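Structure record follows, encoded as structure tokens.
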Amino acid sequence: MIIHESNSRLICLDHLDRDLDCDLIIFLSRHSSEHPRPVLTVHVTGNIADAGLGGFAKSLAVASPEWMHAVLGNLKKNAPEGYYITYEVTHHGPTELATPSFFVEIGSTEKEWTDMRAGYAVARSVLEAYPHETINVLGLGGSHYARRETEIALQSRTAFGHIVHSRYVQCLDPSMIAGLIEKSQAKAVYIDKKAVDPSGMHHLSIVLANLGIPRLSERQLLQLRDISWFTWEEIQRVAEEISPRAWIDISPRLKDGIPNVIRLPEDLFYETIRINPTGLKEGAGNLPVAILSSKGSAVLPIFITTEENTERILHDLISLCVTLICSGETTAVDGDQLIISRTRFDPEKARILGIPKGPLYGELLNGRTVRINGREITSDMVQTRTTTCIRIPGLERLI
């Protein structure tokens, strides 16, 4: 590690890496703001448009998302009370650096710049930074303090490189976005949809589709806590083969591994969905699986887990279905047969017995006896009973 001091403004140190033998440059700086607050920030440098504060116009430094992520996380742990921790969007120079770099700043007034606690927190956060495997992402949209990107990064392995302020979205051409992706080593793009207007979203959607880079939502990024980008891509590929338009919910219990498909018996699945679809989705979410859903279907009968978990998870899913069915219906077990008995009000039987539509139906539905033309009609007389049998090998071990 080299500690390099400069009498020049840090934002003007283009080509600094020509004089340094290093593979990463971390600028330790002070932060100023029109709206001062105690803050510790992390950001990479670059000018999306004009070069108002150092560097060159429409030029970007190379980011180091994994190191930025590690330092941001450490700042969150080490910051003095009252300090706000955040990424900043890409801004100011230097831009002409081939070596990955980023700024760590203390803001926003003389009080914070001379606060020994803040200086110690920054020093410790940098010196103790140890990058882990991250998923590097380009952030598009948001204000100067990138709140959404910061919250995502602090809760997951998502590591942002360049982050672009909402004001620049419309002027991002394919070349600039490609440069932002390259300089961030980004595997995917995140758009802060609440901070980008419809026309901006339309513009970005077209450009990103043409570039062929995945766009992930906040929900998806937060699900990538314990799986690698490779595993995520494999899950996506498998899901695409199963149902091209399926939505994927990844349980936090799912770890890295080779994806494998689990198919629930259709009759068991559809009886469960009929009784308690929410219970099935919530219960499956406690297992190491990816849950597929589609428009009009909260859960599909196909789950994705890893090869080493397949047999156990199939057993657990079947057990979950049996539990939900038994808690919602009248059931019996006969060997490997789960027998579901249902009783329902039969309007046709009521019509034959001369019961008109109306309040008397409600009385019978509530189990009360009604009288028609001097004759008592009990609820049993207008009911139809059905029985459904589902064969589940090893059922008695699941009860």
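Convention: chains lettered A, B, ... in structure tokens order; per-chain residue numbering from 1; ligands numbered from 1 as shown.
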
From segment 68-238 of chain A, collect each residue whose DSSP state is helix (DSSP H, G or I) and return the set as a CSV table (one decimal) with N, CA and C atoms, in the first residue's frame.
chain,number,residue,atom,x,y,z
A,68,MET,N,-15.5,-0.7,-3.6
A,68,MET,CA,-16.5,0.3,-3.1
A,68,MET,C,-17.5,-0.3,-2.2
A,69,HIS,N,-18.0,-1.5,-2.6
A,69,HIS,CA,-19.0,-2.3,-1.8
A,69,HIS,C,-18.4,-2.6,-0.4
A,70,ALA,N,-17.2,-3.1,-0.4
A,70,ALA,CA,-16.5,-3.4,0.9
A,70,ALA,C,-16.4,-2.2,1.8
A,71,VAL,N,-15.9,-1.1,1.2
A,71,VAL,CA,-15.7,0.1,2.0
A,71,VAL,C,-17.1,0.7,2.5
A,72,LEU,N,-18.1,0.7,1.6
A,72,LEU,CA,-19.4,1.2,2.0
A,72,LEU,C,-19.9,0.4,3.2
A,73,GLY,N,-19.8,-1.0,3.1
A,73,GLY,CA,-20.3,-1.8,4.2
A,73,GLY,C,-19.5,-1.5,5.5
A,74,ASN,N,-18.2,-1.3,5.4
A,74,ASN,CA,-17.4,-1.0,6.6
A,74,ASN,C,-17.8,0.4,7.2
A,75,LEU,N,-18.0,1.4,6.3
A,75,LEU,CA,-18.5,2.7,6.8
A,75,LEU,C,-19.8,2.6,7.6
A,76,LYS,N,-20.7,1.7,7.1
A,76,LYS,CA,-21.9,1.5,7.9
A,76,LYS,C,-21.7,1.0,9.3
A,77,LYS,N,-20.7,0.1,9.4
A,77,LYS,CA,-20.4,-0.4,10.7
A,77,LYS,C,-19.6,0.6,11.6
A,78,ASN,N,-18.7,1.3,11.0
A,78,ASN,CA,-17.8,2.2,11.8
A,78,ASN,C,-18.1,3.6,11.9
A,110,GLU,N,-16.7,22.1,7.9
A,110,GLU,CA,-15.5,22.1,8.6
A,110,GLU,C,-15.6,21.3,9.9
A,111,LYS,N,-16.8,21.3,10.5
A,111,LYS,CA,-17.0,20.5,11.7
A,111,LYS,C,-16.7,19.0,11.5
A,112,GLU,N,-17.3,18.5,10.3
A,112,GLU,CA,-17.1,17.1,10.0
A,112,GLU,C,-15.7,16.8,9.5
A,113,TRP,N,-15.1,17.7,8.7
A,113,TRP,CA,-13.8,17.5,8.2
A,113,TRP,C,-12.7,17.4,9.2
A,116,MET,N,-12.3,13.9,14.3
A,116,MET,CA,-11.3,12.7,14.4
A,116,MET,C,-12.1,11.4,14.3
A,117,ARG,N,-13.3,11.4,14.8
A,117,ARG,CA,-14.0,10.1,14.8
A,117,ARG,C,-14.4,9.7,13.4
A,118,ALA,N,-14.7,10.7,12.6
A,118,ALA,CA,-15.0,10.5,11.2
A,118,ALA,C,-13.8,10.1,10.4
A,119,GLY,N,-12.7,10.7,10.7
A,119,GLY,CA,-11.4,10.4,10.0
A,119,GLY,C,-11.0,8.9,10.4
A,120,TYR,N,-11.2,8.6,11.6
A,120,TYR,CA,-10.8,7.2,12.1
A,120,TYR,C,-11.7,6.2,11.4
A,121,ALA,N,-13.0,6.5,11.3
A,121,ALA,CA,-14.0,5.6,10.7
A,121,ALA,C,-13.6,5.3,9.2
A,122,VAL,N,-13.2,6.4,8.5
A,122,VAL,CA,-12.9,6.3,7.1
A,122,VAL,C,-11.6,5.4,7.0
A,123,ALA,N,-10.6,5.8,7.8
A,123,ALA,CA,-9.3,5.1,7.7
A,123,ALA,C,-9.5,3.6,8.0
A,124,ARG,N,-10.2,3.3,9.1
A,124,ARG,CA,-10.4,1.9,9.4
A,124,ARG,C,-11.2,1.2,8.4
A,125,SER,N,-12.2,1.8,7.8
A,125,SER,CA,-13.1,1.2,6.8
A,125,SER,C,-12.3,0.9,5.5
A,126,VAL,N,-11.4,1.7,5.2
A,126,VAL,CA,-10.5,1.4,4.0
A,126,VAL,C,-9.5,0.4,4.3
A,127,LEU,N,-8.8,0.5,5.4
A,127,LEU,CA,-7.7,-0.5,5.7
A,127,LEU,C,-8.3,-1.9,6.0
A,147,ARG,N,-29.8,6.8,-2.8
A,147,ARG,CA,-30.4,6.1,-1.7
A,147,ARG,C,-30.8,4.7,-2.0
A,148,ARG,N,-31.5,4.4,-3.1
A,148,ARG,CA,-31.9,3.1,-3.4
A,148,ARG,C,-30.7,2.1,-3.6
A,149,GLU,N,-29.8,2.6,-4.4
A,149,GLU,CA,-28.6,1.8,-4.6
A,149,GLU,C,-27.8,1.5,-3.4
A,150,THR,N,-27.8,2.5,-2.5
A,150,THR,CA,-27.1,2.3,-1.2
A,150,THR,C,-27.8,1.2,-0.4
A,151,GLU,N,-29.1,1.3,-0.3
A,151,GLU,CA,-29.8,0.3,0.5
A,151,GLU,C,-29.7,-1.1,0.0
A,152,ILE,N,-29.7,-1.2,-1.4
A,152,ILE,CA,-29.6,-2.5,-2.0
A,152,ILE,C,-28.2,-3.1,-1.7
A,153,ALA,N,-27.2,-2.3,-1.9
A,153,ALA,CA,-25.8,-2.8,-1.6
A,153,ALA,C,-25.6,-3.2,-0.2
A,154,LEU,N,-26.1,-2.5,0.7
A,154,LEU,CA,-25.9,-2.8,2.2
A,154,LEU,C,-26.6,-4.1,2.6
A,155,GLN,N,-27.6,-4.5,1.8
A,155,GLN,CA,-28.4,-5.7,2.1
A,155,GLN,C,-28.1,-6.9,1.2
A,166,SER,N,-30.7,11.0,-12.3
A,166,SER,CA,-31.8,11.0,-13.2
A,166,SER,C,-31.8,12.1,-14.2
A,167,ARG,N,-31.2,13.2,-13.9
A,167,ARG,CA,-31.2,14.4,-14.9
A,167,ARG,C,-30.4,14.0,-16.2
A,168,TYR,N,-29.6,13.0,-16.2
A,168,TYR,CA,-28.8,12.6,-17.4
A,168,TYR,C,-29.4,11.5,-18.2
A,169,VAL,N,-30.5,10.9,-17.7
A,169,VAL,CA,-31.0,9.7,-18.3
A,169,VAL,C,-31.3,9.9,-19.8
A,170,GLN,N,-32.0,11.0,-20.1
A,170,GLN,CA,-32.4,11.2,-21.5
A,170,GLN,C,-31.2,11.4,-22.4
A,171,CYS,N,-30.1,11.8,-21.9
A,171,CYS,CA,-28.9,12.1,-22.8
A,171,CYS,C,-28.0,10.9,-22.9
A,174,PRO,N,-26.4,5.0,-26.6
A,174,PRO,CA,-25.9,3.6,-26.5
A,174,PRO,C,-24.4,3.6,-26.2
A,175,SER,N,-23.6,4.5,-26.8
A,175,SER,CA,-22.2,4.5,-26.6
A,175,SER,C,-21.8,4.8,-25.1
A,176,MET,N,-22.5,5.8,-24.6
A,176,MET,CA,-22.2,6.2,-23.2
A,176,MET,C,-22.7,5.0,-22.2
A,177,ILE,N,-23.8,4.4,-22.5
A,177,ILE,CA,-24.3,3.3,-21.6
A,177,ILE,C,-23.3,2.2,-21.7
A,178,ALA,N,-22.9,1.8,-22.9
A,178,ALA,CA,-21.9,0.8,-23.1
A,178,ALA,C,-20.6,1.1,-22.3
A,179,GLY,N,-20.2,2.3,-22.3
A,179,GLY,CA,-19.0,2.7,-21.6
A,179,GLY,C,-19.2,2.6,-20.1
A,180,LEU,N,-20.4,3.0,-19.6
A,180,LEU,CA,-20.7,2.9,-18.2
A,180,LEU,C,-20.7,1.4,-17.7
A,181,ILE,N,-21.3,0.6,-18.6
A,181,ILE,CA,-21.3,-0.9,-18.3
A,181,ILE,C,-19.8,-1.4,-18.2
A,182,GLU,N,-19.0,-1.1,-19.2
A,182,GLU,CA,-17.7,-1.5,-19.3
A,182,GLU,C,-16.8,-1.0,-18.1
A,183,LYS,N,-16.9,0.3,-17.8
A,183,LYS,CA,-16.1,0.8,-16.7
A,183,LYS,C,-16.6,0.4,-15.3
A,184,SER,N,-17.8,-0.2,-15.3
A,184,SER,CA,-18.3,-0.7,-14.0
A,184,SER,C,-18.1,-2.2,-13.9
A,193,LYS,N,-36.8,3.0,-10.7
A,193,LYS,CA,-38.0,3.4,-11.5
A,193,LYS,C,-38.7,4.6,-11.0
A,194,LYS,N,-38.7,4.7,-9.7
A,194,LYS,CA,-39.4,5.8,-9.0
A,194,LYS,C,-38.8,7.2,-9.3
A,195,ALA,N,-37.5,7.1,-9.8
A,195,ALA,CA,-36.8,8.4,-10.0
A,195,ALA,C,-36.6,8.7,-11.5
A,198,PRO,N,-41.6,8.2,-17.3
A,198,PRO,CA,-41.9,7.2,-18.3
A,198,PRO,C,-41.1,7.3,-19.6
A,199,SER,N,-40.9,8.5,-20.1
A,199,SER,CA,-40.1,8.7,-21.3
A,199,SER,C,-38.7,8.2,-21.2
A,200,GLY,N,-38.1,8.5,-20.0
A,200,GLY,CA,-36.8,8.0,-19.7
A,200,GLY,C,-36.7,6.5,-19.6
A,201,MET,N,-37.7,5.9,-19.0
A,201,MET,CA,-37.8,4.4,-18.9
A,201,MET,C,-37.9,3.8,-20.3
A,202,HIS,N,-38.7,4.4,-21.1
A,202,HIS,CA,-38.8,3.9,-22.5
A,202,HIS,C,-37.5,3.9,-23.2
A,203,HIS,N,-36.8,5.1,-23.1
A,203,HIS,CA,-35.5,5.3,-23.7
A,203,HIS,C,-34.5,4.2,-23.2
A,204,LEU,N,-34.4,4.1,-21.9
A,204,LEU,CA,-33.5,3.1,-21.4
A,204,LEU,C,-33.8,1.7,-21.7
A,205,SER,N,-35.1,1.3,-21.7
A,205,SER,CA,-35.5,0.0,-22.1
A,205,SER,C,-35.0,-0.4,-23.5
A,206,ILE,N,-35.2,0.5,-24.4
A,206,ILE,CA,-34.8,0.2,-25.8
A,206,ILE,C,-33.3,0.0,-25.9
A,207,VAL,N,-32.5,1.0,-25.3
A,207,VAL,CA,-31.1,0.9,-25.4
A,207,VAL,C,-30.5,-0.4,-24.7
A,208,LEU,N,-31.0,-0.7,-23.5
A,208,LEU,CA,-30.5,-1.8,-22.8
A,208,LEU,C,-30.9,-3.1,-23.5
A,209,ALA,N,-32.1,-3.2,-24.1
A,209,ALA,CA,-32.4,-4.4,-24.9
A,209,ALA,C,-31.5,-4.6,-26.0
A,210,ASN,N,-31.2,-3.5,-26.7
A,210,ASN,CA,-30.2,-3.6,-27.9
A,210,ASN,C,-28.8,-4.0,-27.4
A,211,LEU,N,-28.4,-3.6,-26.2
A,211,LEU,CA,-27.1,-4.0,-25.7
A,211,LEU,C,-27.1,-5.4,-25.2
A,218,GLU,N,-35.0,-4.2,-7.9
A,218,GLU,CA,-34.6,-4.2,-6.5
A,218,GLU,C,-34.9,-5.6,-5.8
A,219,ARG,N,-36.1,-6.1,-6.1
A,219,ARG,CA,-36.4,-7.4,-5.4
A,219,ARG,C,-35.5,-8.5,-5.9
A,220,GLN,N,-35.1,-8.5,-7.2
A,220,GLN,CA,-34.2,-9.6,-7.7
A,220,GLN,C,-32.8,-9.4,-7.1
A,221,LEU,N,-32.4,-8.2,-7.0
A,221,LEU,CA,-31.0,-8.0,-6.5
A,221,LEU,C,-30.9,-8.3,-5.0
A,222,LEU,N,-32.0,-8.1,-4.2
A,222,LEU,CA,-32.0,-8.4,-2.8
A,222,LEU,C,-32.0,-9.9,-2.6
A,223,GLN,N,-32.5,-10.7,-3.6
A,223,GLN,CA,-32.5,-12.1,-3.5
A,223,GLN,C,-31.2,-12.7,-3.8
A,229,TRP,N,-23.4,-15.0,-9.6
A,229,TRP,CA,-24.0,-14.6,-10.8
A,229,TRP,C,-24.2,-15.9,-11.7
A,230,PHE,N,-23.2,-16.8,-11.7
A,230,PHE,CA,-23.3,-18.0,-12.5
A,230,PHE,C,-24.6,-18.8,-12.2
A,231,THR,N,-24.8,-19.0,-10.9
A,231,THR,CA,-26.0,-19.7,-10.4
A,231,THR,C,-27.2,-19.0,-10.8
A,232,TRP,N,-27.3,-17.7,-10.7
A,232,TRP,CA,-28.5,-16.9,-11.1
A,232,TRP,C,-28.7,-17.1,-12.6
A,233,GLU,N,-27.7,-17.0,-13.4
A,233,GLU,CA,-27.9,-17.2,-14.8
A,233,GLU,C,-28.4,-18.5,-15.2
A,234,GLU,N,-27.9,-19.6,-14.5
A,234,GLU,CA,-28.4,-20.9,-14.7
A,234,GLU,C,-29.9,-21.1,-14.3
A,235,ILE,N,-30.2,-20.5,-13.2
A,235,ILE,CA,-31.6,-20.5,-12.8
A,235,ILE,C,-32.5,-19.8,-13.8
A,236,GLN,N,-32.1,-18.7,-14.3
A,236,GLN,CA,-32.8,-18.0,-15.3
A,236,GLN,C,-33.0,-18.8,-16.6
A,237,ARG,N,-31.9,-19.5,-17.0
A,237,ARG,CA,-31.9,-20.3,-18.2
A,237,ARG,C,-32.9,-21.5,-18.0
A,238,VAL,N,-32.9,-22.1,-16.9
A,238,VAL,CA,-33.8,-23.2,-16.6
A,238,VAL,C,-35.3,-22.7,-16.6

Near-Arg215 of chain A list (6 Å; only C-alpha atoms; drop same-chain fewer than 3 positions) as a ChimeraX atom specification: /A:188-190

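With only C-alpha atoms as the atoms that count, the minimum distance from Thr331 of chain A to the choices A:Gly354, A:Ala290, A:Ile390, A:Asn47 is reached by A:Ile390.
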
Contacts of Arg37 of chain A within 8 Å, only C-alpha atoms, excl. fewer than 2 positions in-chain, as an NGL selection string: :A and (33 or 35 or 39 or 83-84 or 107-109)

Neighbour list for Asp23 of chain A as a list in words, cut-off 9 Å, only C-alpha atoms, skip fewer than 4 positions in-chain: Asp17, Thr99, Pro100 and Ser101 of chain A

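Using only C-alpha atoms, the contacts of Asp334 of chain A at a cut-off of 10 Å, with sequence neighbours closer than 6 positions omitted, comprise Cys389, Arg391, Leu395 and Glu396 of chain A.
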
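Closest approach to Ile313 of chain A among A:Ile340, A:Tyr87, A:Asp267, A:Gly285 is made by A:Gly285 (distances from only C-alpha atoms).
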
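Distances to Ile26 of chain A were evaluated for A:Glu96, A:Asp14, A:Glu105, A:Glu348 using only C-alpha atoms, and the minimum falls at A:Glu105.
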
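Running DSSP on the backbone gives strand (DSSP E or B) for these residues within segment 234-289 of chain A: Trp247, Ile248, Asp249, Ile250, Pro259, Asn260, Val261, Ile262 and Arg263 of chain A.
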
Could those residues be written to a file, using C-alpha atoms, as a PDB file, in the first residue's frame?
ATOM      1  CA  TRP A 247     -41.378 -14.567 -12.547  1.00  0.00           C
ATOM      2  CA  ILE A 248     -38.737 -15.961 -10.226  1.00  0.00           C
ATOM      3  CA  ASP A 249     -38.604 -15.614  -6.443  1.00  0.00           C
ATOM      4  CA  ILE A 250     -35.390 -16.949  -4.950  1.00  0.00           C
ATOM      5  CA  PRO A 259     -29.793 -26.049 -10.652  1.00  0.00           C
ATOM      6  CA  ASN A 260     -32.200 -28.962 -10.818  1.00  0.00           C
ATOM      7  CA  VAL A 261     -35.943 -29.031 -11.478  1.00  0.00           C
ATOM      8  CA  ILE A 262     -38.558 -30.440  -9.088  1.00  0.00           C
ATOM      9  CA  ARG A 263     -42.052 -31.159 -10.390  1.00  0.00           C
TER      10      ARG A 263
END

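We find atom CA of Leu97 of chain A and atom CA of Pro131 of chain A to be spaced 21.3 Å apart.
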
Taking only residues of segment 265-306 of chain A that have an atom at most 9 Å from an atom of segment 315-327 of chain A, what is each one's shortest atom pair and its distance in Å to one decimal, using only C-alpha atoms, in chain and number order, as a Markdown table?
| residue | atom | partner | partner_atom | distance |
| --- | --- | --- | --- | --- |
| A:Pro265 | CA | A:Ile318 | CA | 8.5 |
| A:Leu268 | CA | A:Cys321 | CA | 7.0 |
| A:Phe269 | CA | A:Cys321 | CA | 7.1 |
| A:Glu271 | CA | A:Ile325 | CA | 7.2 |
| A:Thr272 | CA | A:Cys321 | CA | 5.7 |
| A:Ile273 | CA | A:Cys321 | CA | 8.8 |
| A:Ile275 | CA | A:Ile325 | CA | 6.6 |
| A:Asn276 | CA | A:Leu324 | CA | 6.7 |
| A:Gly279 | CA | A:Leu324 | CA | 7.2 |
| A:Leu280 | CA | A:Cys321 | CA | 7.0 |
| A:Gly283 | CA | A:Leu320 | CA | 7.0 |
| A:Ala284 | CA | A:Leu317 | CA | 6.9 |
| A:Leu287 | CA | A:Asp316 | CA | 8.2 |

Could those residues be written to a file, using N, CA and C atoms, as a tab-separated table (two decimals), in the first residue's frame?
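Result saved to part-v1.tsv:
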chain	number	residue	atom	x	y	z
A	265	PRO	N	-46.42	-33.58	-8.16
A	265	PRO	CA	-47.53	-34.27	-8.82
A	265	PRO	C	-48.67	-33.30	-9.07
A	268	LEU	N	-51.81	-33.34	-6.72
A	268	LEU	CA	-51.48	-32.84	-5.38
A	268	LEU	C	-51.31	-31.32	-5.41
A	269	PHE	N	-50.61	-30.83	-6.42
A	269	PHE	CA	-50.37	-29.39	-6.53
A	269	PHE	C	-51.68	-28.62	-6.68
A	271	GLU	N	-54.77	-29.43	-5.95
A	271	GLU	CA	-55.61	-29.45	-4.75
A	271	GLU	C	-55.07	-28.47	-3.71
A	272	THR	N	-53.73	-28.39	-3.60
A	272	THR	CA	-53.12	-27.45	-2.65
A	272	THR	C	-53.41	-26.01	-3.04
A	273	ILE	N	-53.24	-25.71	-4.32
A	273	ILE	CA	-53.50	-24.35	-4.81
A	273	ILE	C	-54.96	-23.97	-4.61
A	275	ILE	N	-56.82	-24.87	-2.23
A	275	ILE	CA	-57.11	-24.67	-0.81
A	275	ILE	C	-56.34	-23.48	-0.23
A	276	ASN	N	-55.04	-23.41	-0.51
A	276	ASN	CA	-54.21	-22.39	0.16
A	276	ASN	C	-52.99	-22.02	-0.68
A	279	GLY	N	-50.31	-20.13	1.38
A	279	GLY	CA	-49.56	-21.01	2.28
A	279	GLY	C	-48.49	-21.79	1.54
A	280	LEU	N	-48.79	-22.22	0.31
A	280	LEU	CA	-47.81	-22.96	-0.47
A	280	LEU	C	-46.62	-22.08	-0.82
A	283	GLY	N	-44.69	-21.24	2.41
A	283	GLY	CA	-43.98	-22.42	2.91
A	283	GLY	C	-42.79	-22.78	2.04
A	284	ALA	N	-42.97	-22.71	0.73
A	284	ALA	CA	-41.86	-23.00	-0.18
A	284	ALA	C	-40.74	-21.98	-0.02
A	287	LEU	N	-37.84	-22.92	2.07
A	287	LEU	CA	-36.99	-24.00	1.58
A	287	LEU	C	-35.99	-23.44	0.57

Near-Arg351 of chain A list (12 Å; only C-alpha atoms; drop same-chain fewer than 3 positions) as a PyMOL selection string: chain A and resi 345-348+354-358+360-361+372+377+381-382

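With only C-alpha atoms as the atoms that count, the minimum distance from Arg368 of chain A to the choices A:Glu34, A:Glu88, A:Asp380, A:Glu311 is reached by A:Asp380.
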
d(atom CA of Leu264 of chain A, atom CA of Leu314 of chain A) in Å: 7.5 Å

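The coordinates place atom CA of Arg344 of chain A at 13.9 Å from atom CA of Glu363 of chain A.
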
Exercise: Pro277 of chain A partners within 9 Å, only C-alpha atoms, chain neighbours under 6 positions left out, as a count of residues only: 3
